[in-house]
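Take a look at the structure below.
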Amino acid sequence: MSDEDPRRQQLRAAARRLHLAAGEPTLDVLAGYADGRRERSALGNVTSGPKWPSWGTVKAYIDACVQHAAKSGLRLPAKLTDEKVWSAMHQAGSLAKGRPSADASPDTAQVADGFLPAATKTFAGGDAELELLLNKRSTQLDPFSKTTIDVSAVPRPDQTPPPARGWTVPLPSSEVFVGRDEIMAQLRAGFSAGAVGQCLHGLGGVGKTRLAVEYAYAYRDTYPGGVWWIPAAGGVSAGLAKLARWVSSAWATLPDDAASAWAESWLRHWSGWLLILDDASDPAAVTALLGRLAHAAGHLLITSRRDLSWTVPTVPIGVLDPGAATELLLSRTGQDNRTAAAAIAAELGCLPVALEHIAAYAKHTALALDRCLSRLREQPGRIFTAELPNMTAVARVWDLTLAELEAADPHAGPLLAVLAWLAPDDIPRDVLGIHVTGDESAGWLASFGMITLTDDAIDMHPVLQAVIRMMDTDDPKAADDRMLAHRFAIRMLGKLLPDDATDVTAWPRWRRLIPHLDALAGHLPSGTELDSPLGLLLNEAGMFELSQGRAEAATTRLTRALELTSAAFGDDHPSVAIRLNNLAAAHWRAGRPARAAELVQRALTNTEATAGSDHPDMIIRLNSLGVLLIDQDRTDEALAQLGRALAIAEALPDPPKILATVLINIGTCHRHAGRLADAEAAMRRALALTEDQYGPAHPALAAPLHSLASVCRHRRHFEEAQKHGLRGLAIAEKTLPPGHFHIAEHLNGLGVTTCDLGRPADAVPLFQQAAGILGDSVDTESSLLAEVLNNLITARVAAGAPSAELERTVESAPDDHIRVGLLNTLALACTQADRPADALAAALRAARIAEATGHKDLPLSLCRAAAAHLALGDAHEAVAIQQHALKLARSKHNPGYRTLAEHLTVLGDAYEALGRTPDALRCYQRGLRGQGDSPWLVPLLMKASTLQLKLGQKAEAVATFERADRIMEEHYGRDHPTS
């Protein structure tokens, strides 16, 4: 280069000094910083070469050196990067051949030659700070020149033995290391089996680097050739150059390329070494290195966030198991609250970097683990962004990966932002079909370890999700982006959710998507409180949960749906009425009729005001109101509301699907009122309508078949009841998934029919199977579970079960609410089976629990105790208890007609046992008031008729008997054995 104009030599010399001060980055590294704007060869022309570089290339070279110095922790003097000085030198060099630079800064043209002396002083010497920076490096030939480097002073690789106990591994980040024994053994086994290299890969923060450090410490004595740790972020070649300088100080001032080649040769010549490339991201460079070291006698251990083709055995690193994560927290904090530690580990998804961070947070703030848990749940952003001594905040762990992702695929980051709002596990892969570049972008995310991707599903760590959701919370644009991502996630799920929550074939889909709906509802970004689409989706999810018998889960989702819809549209909108009605159904199914009635009334008022009293939506509202009135034994009122619903439905051109449900509820009213023929007619019409709408084998037939079988039982047509019950069970078992609560309903109905047929022992296994299903699939508040357990204990008493077996049945009740009812049923069954001592014990225990818990059935428990005392021959005690029970029932519990009749019957029986026949008759007659002509009144009518005869009231006795006879004939027919 001696024949080159001195003015051009000046710029090239300055470029070489800048290169030295910046840490001698290779041309590949510089080209990377230049972001593809300048080719490698063009950058090389800045320091040497036949072509004079353009001003744009010189600027790209300067910028790349500055970036590399910053990344390497080097501080460059300001004079070394002064753009005016560089521009002057470049302009002077351009003028040397009479060609001024077209892209130089305009204000430098007139000072080009005059400014050169000052530039020369700056870059050739005289600046103490710059000289101090560079004096450790001897003058060298141009590192980018093709001129042969004189390495005669450098020892040959085969003549440079490994340094004694060569070691450059960093210290472990903490003294606690748990839960990785299996992976450590796997690594060791792999190397022992002959593997030259292995790669640890996984999500950032999962502990790959820590594993490599621990492996190095554990097996350092087995590597006499040294254990060499190279951060691979700066490139494999630069890392190998560092290795050369560690092994031989002669390379301290020589170029990276030559040093790297020497290091590879050294590794091939010597054995027993372990080379660790930490955080590698370039599989091509690693593969090339492995090819050159294929026959070397050492080991290469790679860690990487990237899931790529590494051409070596890969060891995927997952999160810690819960036990190990708990132990890490306890050991790092020195605390002993294992419950809180386990809960924190679960909240953090057992991610090591997050566990280490919160442990350091607990020590730094002197907070107990249970308080850390509360703060983590209430203010996760405060935890994840906390800056702690010698520790990177969790929120910053993935910054580099996100930047690299942005460069690789601009769509990957937005997709990650959408996935962050969903549940972390089992995100259906087909959500990607809605995203513009879903599959391709997901591939990039998986390759960077940000998600786990299979053919069917996507998983994303919950801590990473939390960090993505809260990034740049103070940036208005970021806030808008978060809102858009959340809404896009709603849109994705909305397209995937099935249209009909009652469609059995779609139930597996519902089960898979509901956790993601819950996640969307649980993490609302600011500004999405008025999100009606999410309210609609949660409403549908709640109705699905009701179809599965999960009333409490349904209540949670339907409550949230109502909140969102009301906030979006106001309380008077028709959509709010739908949410109110559905939420009422959930509360009713969960055993909260008062709350259900309040919601139904609000829904009814809304629909009447917004749509009119004859609108088809009124059918649903009136039907719901009718169900609640039936539940309160207000049969006549229920029938009036259901009659309104029926009239609206029948006026429509096509019968709505809810018409069958209305007919079933009308039939139930007739059954409760003793009009069994009318009840049967309504049930048969409901069954025919459902068969016409759905076909002969659809699960929608379950309700009308079950109801028709019930009416047949009440009419004592047991064989026909059994036929309908068996048909309903066959359809349910064929069309519904195993364990569905509708199957339990059919089993329960068949069990009752089997008892009616006089085979209680055969009914017991049917009830047991039903109870087993409901115990797994239905909320414990469910009235159906209580009904099944009551039927089970009744059947066991009738089958002669011993007291111990009956006690086990009582203890199987999931809570005291159901247990009180079960004990009351047991007391009644034992009294009827002539086991009065067992009856009294059960009734008194029920009364104690009911009084302690405020249970509404306390009066009934006392009534059953009075009946047991009477059966034991203690009529005086029976009268005293029953009078108290009746008073309590009337004053606080507003009993229905049938319950009141039972109280009065027991009191009348006790009076009769004491010879107080007129008092007994008055009790029976009061029990008959307002009861209609139900079959269950016949025993009471017969008792009243008998006492009327006894008291000489012959005409009244005949009339009472004829009423009983008329009821029996009407409901069962003249030829029925009961009649």
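Chain lettering (A, B, ...) mirrors the order of the structure tokens, residue numbering begins at 1 for each chain separately, and ligand numbering begins at 1 in order of display.
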
Tell me, counting only C-alpha atoms, for each residue of region 455-523 of chain A within 12 Å of region 552-574 of chain A, which pair of atoms is nearest and how far apart they are in Å to one decimal, in rows ordered by chain and increasing number, as a Markdown table.
```
| residue | atom | partner | partner_atom | distance |
| --- | --- | --- | --- | --- |
| A:Ile514 | CA | A:Arg557 | CA | 9.8 |
| A:Pro515 | CA | A:Arg557 | CA | 11.0 |
| A:Leu517 | CA | A:Arg557 | CA | 9.2 |
| A:Asp518 | CA | A:Arg557 | CA | 7.8 |
| A:Ala519 | CA | A:Arg557 | CA | 11.4 |
| A:Leu520 | CA | A:Arg560 | CA | 11.3 |
| A:Ala521 | CA | A:Arg560 | CA | 7.8 |
| A:Gly522 | CA | A:Arg560 | CA | 9.6 |
```

Based on the selection just made, write N, CA and C atoms of those residues as a PDB file, in the first residue's frame.
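What ended up in part_10.pdb:
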```pdb
ATOM      1  N   ILE A 514     -62.321 -23.665  26.259  1.00  0.00           N
ATOM      2  CA  ILE A 514     -62.790 -22.897  27.418  1.00  0.00           C
ATOM      3  C   ILE A 514     -61.644 -22.332  28.256  1.00  0.00           C
ATOM      4  N   PRO A 515     -60.548 -23.069  28.518  1.00  0.00           N
ATOM      5  CA  PRO A 515     -59.455 -22.447  29.294  1.00  0.00           C
ATOM      6  C   PRO A 515     -58.912 -21.176  28.642  1.00  0.00           C
ATOM      7  N   LEU A 517     -60.709 -19.060  26.780  1.00  0.00           N
ATOM      8  CA  LEU A 517     -61.694 -18.009  27.047  1.00  0.00           C
ATOM      9  C   LEU A 517     -61.519 -17.464  28.460  1.00  0.00           C
ATOM     10  N   ASP A 518     -61.289 -18.359  29.407  1.00  0.00           N
ATOM     11  CA  ASP A 518     -61.076 -17.913  30.789  1.00  0.00           C
ATOM     12  C   ASP A 518     -59.850 -17.018  30.891  1.00  0.00           C
ATOM     13  N   ALA A 519     -58.800 -17.381  30.151  1.00  0.00           N
ATOM     14  CA  ALA A 519     -57.584 -16.566  30.174  1.00  0.00           C
ATOM     15  C   ALA A 519     -57.857 -15.178  29.593  1.00  0.00           C
ATOM     16  N   LEU A 520     -58.600 -15.109  28.508  1.00  0.00           N
ATOM     17  CA  LEU A 520     -58.938 -13.815  27.910  1.00  0.00           C
ATOM     18  C   LEU A 520     -59.745 -12.957  28.880  1.00  0.00           C
ATOM     19  N   ALA A 521     -60.657 -13.591  29.614  1.00  0.00           N
ATOM     20  CA  ALA A 521     -61.485 -12.843  30.556  1.00  0.00           C
ATOM     21  C   ALA A 521     -60.702 -12.453  31.807  1.00  0.00           C
ATOM     22  N   GLY A 522     -59.694 -13.239  32.140  1.00  0.00           N
ATOM     23  CA  GLY A 522     -58.937 -12.977  33.360  1.00  0.00           C
ATOM     24  C   GLY A 522     -57.852 -11.940  33.199  1.00  0.00           C
TER      25      GLY A 522
END
```

Find the residues around region 837-850 of chain A up to 9 Å (only C-alpha atoms counted), leave out those fewer than 3 positions away in its own chain, and share them as a ChimeraX atom specification. /A:803,816-817,819-831,834,853-869,871-872

For the selection just defined, write its residues with C-alpha atoms to a file, as an mmCIF file, in the first residue's frame.
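Below is the file that was written, out_39.cif:
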```
data_model
loop_
_atom_site.group_PDB
_atom_site.id
_atom_site.type_symbol
_atom_site.label_atom_id
_atom_site.label_comp_id
_atom_site.auth_asym_id
_atom_site.auth_seq_id
_atom_site.Cartn_x
_atom_site.Cartn_y
_atom_site.Cartn_z
ATOM 1 C CA SER A 803 -76.619 -49.746 59.998
ATOM 2 C CA ASP A 816 -73.613 -30.887 55.315
ATOM 3 C CA HIS A 817 -76.272 -29.403 53.056
ATOM 4 C CA ARG A 819 -76.061 -34.714 54.458
ATOM 5 C CA VAL A 820 -79.071 -33.185 56.269
ATOM 6 C CA GLY A 821 -81.392 -34.227 53.451
ATOM 7 C CA LEU A 822 -79.839 -37.687 53.373
ATOM 8 C CA LEU A 823 -80.357 -38.187 57.110
ATOM 9 C CA ASN A 824 -83.965 -37.016 56.854
ATOM 10 C CA THR A 825 -84.578 -39.517 54.064
ATOM 11 C CA LEU A 826 -82.917 -42.241 56.129
ATOM 12 C CA ALA A 827 -85.154 -41.411 59.098
ATOM 13 C CA LEU A 828 -88.304 -41.686 56.967
ATOM 14 C CA ALA A 829 -87.184 -44.938 55.318
ATOM 15 C CA CYS A 830 -86.268 -46.532 58.659
ATOM 16 C CA THR A 831 -89.624 -45.547 60.172
ATOM 17 C CA ASP A 834 -90.043 -50.623 61.223
ATOM 18 C CA THR A 853 -75.633 -24.595 59.808
ATOM 19 C CA GLY A 854 -78.942 -22.741 59.483
ATOM 20 C CA HIS A 855 -80.305 -25.381 57.121
ATOM 21 C CA LYS A 856 -83.870 -24.763 55.934
ATOM 22 C CA ASP A 857 -84.888 -28.383 56.637
ATOM 23 C CA LEU A 858 -84.594 -28.148 60.429
ATOM 24 C CA PRO A 859 -88.416 -28.360 60.847
ATOM 25 C CA LEU A 860 -88.502 -31.462 58.638
ATOM 26 C CA SER A 861 -85.756 -33.105 60.721
ATOM 27 C CA LEU A 862 -87.818 -32.481 63.873
ATOM 28 C CA CYS A 863 -90.892 -33.885 62.113
ATOM 29 C CA ARG A 864 -89.020 -37.084 61.276
ATOM 30 C CA ALA A 865 -87.821 -37.306 64.893
ATOM 31 C CA ALA A 866 -91.411 -36.970 66.116
ATOM 32 C CA ALA A 867 -92.513 -39.789 63.781
ATOM 33 C CA ALA A 868 -89.729 -41.998 65.137
ATOM 34 C CA HIS A 869 -90.739 -41.268 68.753
ATOM 35 C CA ALA A 871 -93.121 -45.477 66.301
ATOM 36 C CA LEU A 872 -91.209 -46.160 69.527
#
```

I'd like the contact shell of Ala957 (chain A) - 6 Å cut-off, only C-alpha atoms, skipping same-chain residues fewer than 3 positions apart - returned as a list in words.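 Using only C-alpha atoms, the neighbours found are Ser945, Gln948, Leu949, Lys954 and Thr960 of chain A.
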
Of the listed residues A:Arg245, A:His706, A:Lys79, A:Arg922, that which approaches Asn748 (chain A) most closely, counting only C-alpha atoms: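 Closest residue, counting only C-alpha atoms: A:His706.
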
Enter the distance from CA of Ala324 (chain A) to CA of Thr222 (chain A), in Å, rounded to one decimal.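 According to the coordinates, CA of Ala324 (chain A) and CA of Thr222 (chain A) are separated by 27.8 Å.
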
Please provide the set of residues having any atom within 7 Å of region 439-445 of chain A, restricted to only C-alpha atoms, with same-chain residues fewer than 6 positions apart removed, written as a PDB file with N, CA and C atoms, in the first residue's frame.
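Generated file (selection-v2.pdb):
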```
ATOM      1  N   ASP A 409     -38.652 -12.173  11.310  1.00  0.00           N
ATOM      2  CA  ASP A 409     -40.020 -12.214  10.791  1.00  0.00           C
ATOM      3  C   ASP A 409     -40.835 -11.136  11.504  1.00  0.00           C
ATOM      4  N   HIS A 411     -43.831 -10.511  11.491  1.00  0.00           N
ATOM      5  CA  HIS A 411     -45.150 -10.968  11.928  1.00  0.00           C
ATOM      6  C   HIS A 411     -45.083 -11.837  13.171  1.00  0.00           C
ATOM      7  N   ALA A 412     -43.895 -12.337  13.518  1.00  0.00           N
ATOM      8  CA  ALA A 412     -43.791 -13.272  14.635  1.00  0.00           C
ATOM      9  C   ALA A 412     -44.107 -12.591  15.967  1.00  0.00           C
ATOM     10  N   LEU A 432     -53.858 -20.661  14.105  1.00  0.00           N
ATOM     11  CA  LEU A 432     -52.898 -20.027  13.208  1.00  0.00           C
ATOM     12  C   LEU A 432     -53.490 -19.775  11.826  1.00  0.00           C
ATOM     13  N   ILE A 451     -42.119 -20.673  21.885  1.00  0.00           N
ATOM     14  CA  ILE A 451     -43.285 -21.544  22.007  1.00  0.00           C
ATOM     15  C   ILE A 451     -42.837 -22.968  21.728  1.00  0.00           C
TER      16      ILE A 451
END
```

May I ask for the distance between CA of Asp282 (chain A) and CA of Ala261 (chain A), given in Å to one decimal place?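 Interatomic distance, CA of Asp282 (chain A) to CA of Ala261 (chain A): 18.2 Å.
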
Shell around Ser309 (chain A) at 12 Å using only C-alpha atoms, local window under 2 positions removed, as number ranges by chain: A: 198-199, 201, 281-287, 304, 306-307, 311-314, 447

Calculate how many Å separate CA of Gly56 (chain A) from CA of Ala69 (chain A), rounding to one decimal.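 Interatomic distance, CA of Gly56 (chain A) to CA of Ala69 (chain A): 20.1 Å.
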
Residue neighbourhood Trp273 (chain A), 9 Å, only C-alpha atoms, exclusion window fewer than 4 positions, as a ChimeraX atom specification: /A:162,222-228,267,297-300

Go ahead and save the residues from that selection, with N, CA and C atoms, as a PDB file, in the first residue's frame.
```pdb
ATOM      1  N   PRO A 162      -1.728 -28.111  26.497  1.00  0.00           N
ATOM      2  CA  PRO A 162      -2.760 -27.399  27.258  1.00  0.00           C
ATOM      3  C   PRO A 162      -2.195 -26.823  28.546  1.00  0.00           C
ATOM      4  N   THR A 222     -12.167 -34.622  34.722  1.00  0.00           N
ATOM      5  CA  THR A 222     -12.081 -35.586  33.618  1.00  0.00           C
ATOM      6  C   THR A 222     -11.622 -34.934  32.323  1.00  0.00           C
ATOM      7  N   TYR A 223     -11.285 -33.632  32.375  1.00  0.00           N
ATOM      8  CA  TYR A 223     -10.863 -32.910  31.178  1.00  0.00           C
ATOM      9  C   TYR A 223      -9.469 -32.301  31.411  1.00  0.00           C
ATOM     10  N   PRO A 224      -8.409 -33.091  31.261  1.00  0.00           N
ATOM     11  CA  PRO A 224      -7.046 -32.565  31.472  1.00  0.00           C
ATOM     12  C   PRO A 224      -6.659 -31.514  30.433  1.00  0.00           C
ATOM     13  N   GLY A 225      -7.365 -31.494  29.295  1.00  0.00           N
ATOM     14  CA  GLY A 225      -7.074 -30.505  28.258  1.00  0.00           C
ATOM     15  C   GLY A 225      -7.715 -29.163  28.524  1.00  0.00           C
ATOM     16  N   GLY A 226      -8.389 -29.031  29.651  1.00  0.00           N
ATOM     17  CA  GLY A 226      -8.985 -27.756  30.017  1.00  0.00           C
ATOM     18  C   GLY A 226     -10.467 -27.686  29.682  1.00  0.00           C
ATOM     19  N   VAL A 227     -11.148 -26.806  30.376  1.00  0.00           N
ATOM     20  CA  VAL A 227     -12.561 -26.537  30.114  1.00  0.00           C
ATOM     21  C   VAL A 227     -12.657 -25.074  29.707  1.00  0.00           C
ATOM     22  N   TRP A 228     -13.087 -24.852  28.478  1.00  0.00           N
ATOM     23  CA  TRP A 228     -13.027 -23.524  27.877  1.00  0.00           C
ATOM     24  C   TRP A 228     -14.432 -23.023  27.571  1.00  0.00           C
ATOM     25  N   LEU A 267      -7.075 -27.715  18.862  1.00  0.00           N
ATOM     26  CA  LEU A 267      -8.089 -28.648  19.354  1.00  0.00           C
ATOM     27  C   LEU A 267      -7.961 -30.009  18.682  1.00  0.00           C
ATOM     28  N   ALA A 297     -10.321 -35.352  19.879  1.00  0.00           N
ATOM     29  CA  ALA A 297     -10.513 -36.140  21.094  1.00  0.00           C
ATOM     30  C   ALA A 297     -10.960 -35.233  22.239  1.00  0.00           C
ATOM     31  N   GLY A 298     -11.985 -34.476  22.001  1.00  0.00           N
ATOM     32  CA  GLY A 298     -12.541 -33.610  23.032  1.00  0.00           C
ATOM     33  C   GLY A 298     -14.037 -33.529  22.882  1.00  0.00           C
ATOM     34  N   HIS A 299     -14.672 -32.716  23.690  1.00  0.00           N
ATOM     35  CA  HIS A 299     -16.128 -32.592  23.685  1.00  0.00           C
ATOM     36  C   HIS A 299     -16.551 -31.144  23.480  1.00  0.00           C
ATOM     37  N   LEU A 300     -17.635 -30.969  22.728  1.00  0.00           N
ATOM     38  CA  LEU A 300     -18.209 -29.649  22.479  1.00  0.00           C
ATOM     39  C   LEU A 300     -19.627 -29.633  23.033  1.00  0.00           C
TER      40      LEU A 300
END
```

Thr160 (chain A) surroundings by only C-alpha atoms, 12 Å radius, close-in-sequence under 6 positions cut, as a ChimeraX atom specification: /A:154,225,244-250,262-263,265-267,269-270

DSSP says alpha helix (DSSP H) for which residues of region 558-650 of chain A? Put them as a PyMOL selection string? chain A and resi 558-569+574-589+593-611+617-631+635-650

With only C-alpha atoms as the atoms that count, which of A:Thr754, A:Thr502, A:Gln91, A:Thr209 lies nearest to Gln10 (chain A)?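 Using only C-alpha atoms, the shortest distance to Gln10 (chain A) belongs to A:Gln91.
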